[in-house]
Amino acid sequence: MKIKNICCIGAGYVGGPTMAVIAQKCPEIKVTVVDINEKRIAAWNDDDVNNIPIYEPGLSEIVGEARGRNLFFSTNVDEAIDQADMIFISVNTPTKTYGIGKGMAADLKFIELCARQIARVSKNDKIVVEKSTLPVRTAEALKNILDNTGNGVNYQILSNPEFLAEGTAVQDLLNPDRVLIGGDIASEKGKEAVQALVDVYATWIPQKNILTTNVWSSELSKLTANAFLAQRVSSINAMSQLCEVTGADVDEVARAVGKDSRIGPKFLQSSVGFGGSCFQKDILNLVYISKSFGLNEVADYWEQVIIMNNHQKRRFAGKIVKTLYNTVAGKRIAILGWAFKKDTNDTRESAAIYVTDYLLNEQADIVVYDPKVRKEQIYADLEYLGTHSLEEIKERVTIVSSALDASKDAHAVAVLTEWDEFKKLDWETVYKGMLKPAFLFDGRRILESKTKVGIGFEFYAIGS
Ligand SMILES: NC(=O)c1ccc[n+]([C@@H]2O[C@H](COP(=O)([O-])OP(=O)(O)OC[C@H]3O[C@@H](n4cnc5c(N)ncnc54)[C@H](O)[C@@H]3O)[C@@H](O)[C@H]2O)c1
């Protein structure tokens, strides 16, 4: 079975880049990305490809090449579903904020709405692909809805979790370590559907990197991968605290440990804590699933990864307050970086939000600079926490358009995103413009301590 027409529901950080790459690599397949968010679709269709809503290195060029040829962005969800033979569901699956499982379970209402819409619209057989990260056995619920509310159409459900990392999404999609496809491999129809998706990816990815398995293993593998990655960050962050009190240096420890081929060097960078829309939500989801099966020890084990991460953010903010003579009230603190990591404009669960909120509780005046994040987003992120009113936030938080502006007359500068431009900043000029003593807090360990101390800064890096 050859796929000719793909629809992707959800034009976000996963749906947009993933479909752009499929469209670029498979010009014979028509790919339509749909979303109910009209503003987002309008931005994907902006004449200037530099204005697409998601910043990822290399993405604008790919969209520029494929858009209008075989890549389309639309709000007409029904039409795209109707025409497609394969439908990716790539909508958000946030942590539930209400009812049973509040604060832990994945909120599957958007997924269910998609399933009901597919069931209502479809007139011919479809392959439905779970691209969103989902609790294990969600495919069962999807199939139930599709089979019981549909028009007698046959559906095959595949799980094809996305492993891309924001900031390197395009590279990750072009050269993935692996693509994982789960399907009903016990049946002929299921095998056919899996093969159809394998054939799409095999256009540019070597067959040996395309893994096929059953649906449950595929769904659980994604949660497991994120849990393991986050666990490494929390593990090295736990050691960072121990380094600080013993005189060890966390980078040296990471270097020594990472040389062990059983451990490996990646994801051993200590920081103010991981952010992003996925790690926390997916681990909470894992904790919730474990608890619901009565596996309390398993749940507690993974929950500790989150507890450590929250502690690291609080600890960093606390260090700022303590170092500034136990009060930051009325003091100007520059926050450099708002995105949860470099090379993305995504701010979801960014450490900067929580550190700033903590400092606002201490009545600090905050000045923020980030090269890619819009002002409104920063205010929305702070307001979303519900700790401070928008009015209060706007009064105390100023957003500026350069790191030098942010640090002017500041008591302290805190680096919270590892943007390359902060490494290359003219730190002498930053120092000159600040109040003295000038405090510099490196939450990402991107700055060399010796040169900063040489300039005159009171310098603190996590883990030293
Ligand atoms: N962001 C990542 O790095 C990443 C990586 C791997 C997997 N994931 C997973 O992929 C999924 C999507 O993540 P994202 O970051 O792209 O989310 P996102 O919030 O950026 O995008 C989701 C989009 O879906 C749209 N949407 C929701 N309901 C819809 C509906 N019924 N019809 C049409 N559109 C609808 C929303 O308007 C939104 O634009 C999540 O499950 C996430 O866990 C994300």
# chains A, B, ... in the order shown; residues from 1 in each chain; ligands from 1
call {"tool": "closest_atom_pairs", "arguments": {"of": "chain A", "to": "ligand 1", "cutoff": "7 Å", "atoms": "only C-alpha atoms and all ligand atoms", "output": "tab-separated table"}}
result
residue	atom	partner	partner_atom_place_in_ligand_line	distance
A:Ile9	CA	ligand 1	33 (C)	5.1
A:Gly10	CA	ligand 1	24 (O)	3.4
A:Ala11	CA	ligand 1	39 (O)	4.9
A:Gly12	CA	ligand 1	21 (O)	3.3
A:Tyr13	CA	ligand 1	16 (O)	3.7
A:Val14	CA	ligand 1	16 (O)	3.8
A:Gly15	CA	ligand 1	16 (O)	5.5
A:Val34	CA	ligand 1	33 (C)	6.0
A:Asp35	CA	ligand 1	34 (N)	3.6
A:Ile36	CA	ligand 1	33 (C)	4.5
A:Asn37	CA	ligand 1	37 (O)	4.7
A:Arg40	CA	ligand 1	39 (O)	6.7
A:Val77	CA	ligand 1	33 (C)	6.7
A:Ser90	CA	ligand 1	12 (C)	4.9
A:Val91	CA	ligand 1	24 (O)	3.6
A:Asn92	CA	ligand 1	12 (C)	4.2
A:Thr93	CA	ligand 1	41 (O)	4.4
A:Phe110	CA	ligand 1	28 (N)	4.7
A:Ile111	CA	ligand 1	31 (N)	6.9
A:Leu113	CA	ligand 1	31 (N)	5.3
A:Cys114	CA	ligand 1	31 (N)	4.9
A:Lys131	CA	ligand 1	10 (O)	6.2
A:Ser132	CA	ligand 1	41 (O)	3.4
A:Thr133	CA	ligand 1	41 (O)	4.0
A:Leu134	CA	ligand 1	41 (O)	6.4
A:Pro161	CA	ligand 1	7 (C)	6.5
A:Glu162	CA	ligand 1	6 (C)	4.5
A:Phe163	CA	ligand 1	6 (C)	5.1
A:Leu164	CA	ligand 1	5 (C)	5.4
A:Ala165	CA	ligand 1	3 (O)	5.2
A:Glu166	CA	ligand 1	3 (O)	4.9
A:Ser277	CA	ligand 1	1 (N)	6.0
A:Cys278	CA	ligand 1	43 (O)	5.2
call {"tool": "select_by_dssp", "arguments": {"residues": "region 169-230 of chain A", "states": "strand (DSSP E)", "output": "list of chain:residue names"}}
result
A:Val179, A:Leu180, A:Ile181, A:Gly182, A:Gly183, A:Ile210, A:Leu211, A:Thr212, A:Thr213, A:Asn214
call {"tool": "write_last_selection", "arguments": {"atoms": "C-alpha atoms", "output": "compact mmCIF listing (two decimals), in the first residue's frame"}}
result
# COMPACT_ATOMS: atom_id res chain seq x y z
CA VAL A 179 12.22 5.68 14.02
CA LEU A 180 9.83 3.55 16.04
CA ILE A 181 6.60 2.19 14.60
CA GLY A 182 4.18 0.12 16.63
CA GLY A 183 1.24 -1.64 15.05
CA ILE A 210 13.41 1.87 11.44
CA LEU A 211 12.21 -0.34 14.28
CA THR A 212 8.82 -2.01 14.24
CA THR A 213 7.07 -3.47 17.25
CA ASN A 214 3.65 -3.87 18.82
call {"tool": "residues_around", "arguments": {"residues": "Gly318 (chain A)", "least_positions_apart": "5", "cutoff": "10 Å", "atoms": "only C-alpha atoms", "output": "list in words"}}
result
Gln312, Lys313, Thr323, Leu324, Asn326, Val355, Tyr358, Leu359 and Glu362 of chain A
call {"tool": "closest_residue", "arguments": {"among": "A:Thr327, A:Asn296, A:Thr347, A:Gln241", "to": "Ser464 (chain A)", "atoms": "only C-alpha atoms"}}
result
A:Gln241
call {"tool": "residues_around", "arguments": {"residues": "Asp365 (chain A)", "least_positions_apart": "2", "cutoff": "8 Å", "atoms": "only C-alpha atoms", "output": "PDB file with C-alpha atoms, in the first residue's frame"}}
result
ATOM      1  CA  ALA A 329      13.651  43.419  47.302  1.00  0.00           C
ATOM      2  CA  GLY A 330      13.795  46.351  44.906  1.00  0.00           C
ATOM      3  CA  LYS A 331      17.020  45.044  43.355  1.00  0.00           C
ATOM      4  CA  ARG A 332      17.362  44.789  39.603  1.00  0.00           C
ATOM      5  CA  ILE A 333      18.127  41.269  38.410  1.00  0.00           C
ATOM      6  CA  LEU A 360       9.184  38.108  42.265  1.00  0.00           C
ATOM      7  CA  GLN A 363      10.018  41.555  45.386  1.00  0.00           C
ATOM      8  CA  VAL A 367      14.698  42.516  33.407  1.00  0.00           C
ATOM      9  CA  ARG A 396       8.026  44.366  38.099  1.00  0.00           C
ATOM     10  CA  VAL A 397       9.187  42.639  34.909  1.00  0.00           C
TER      11      VAL A 397
END
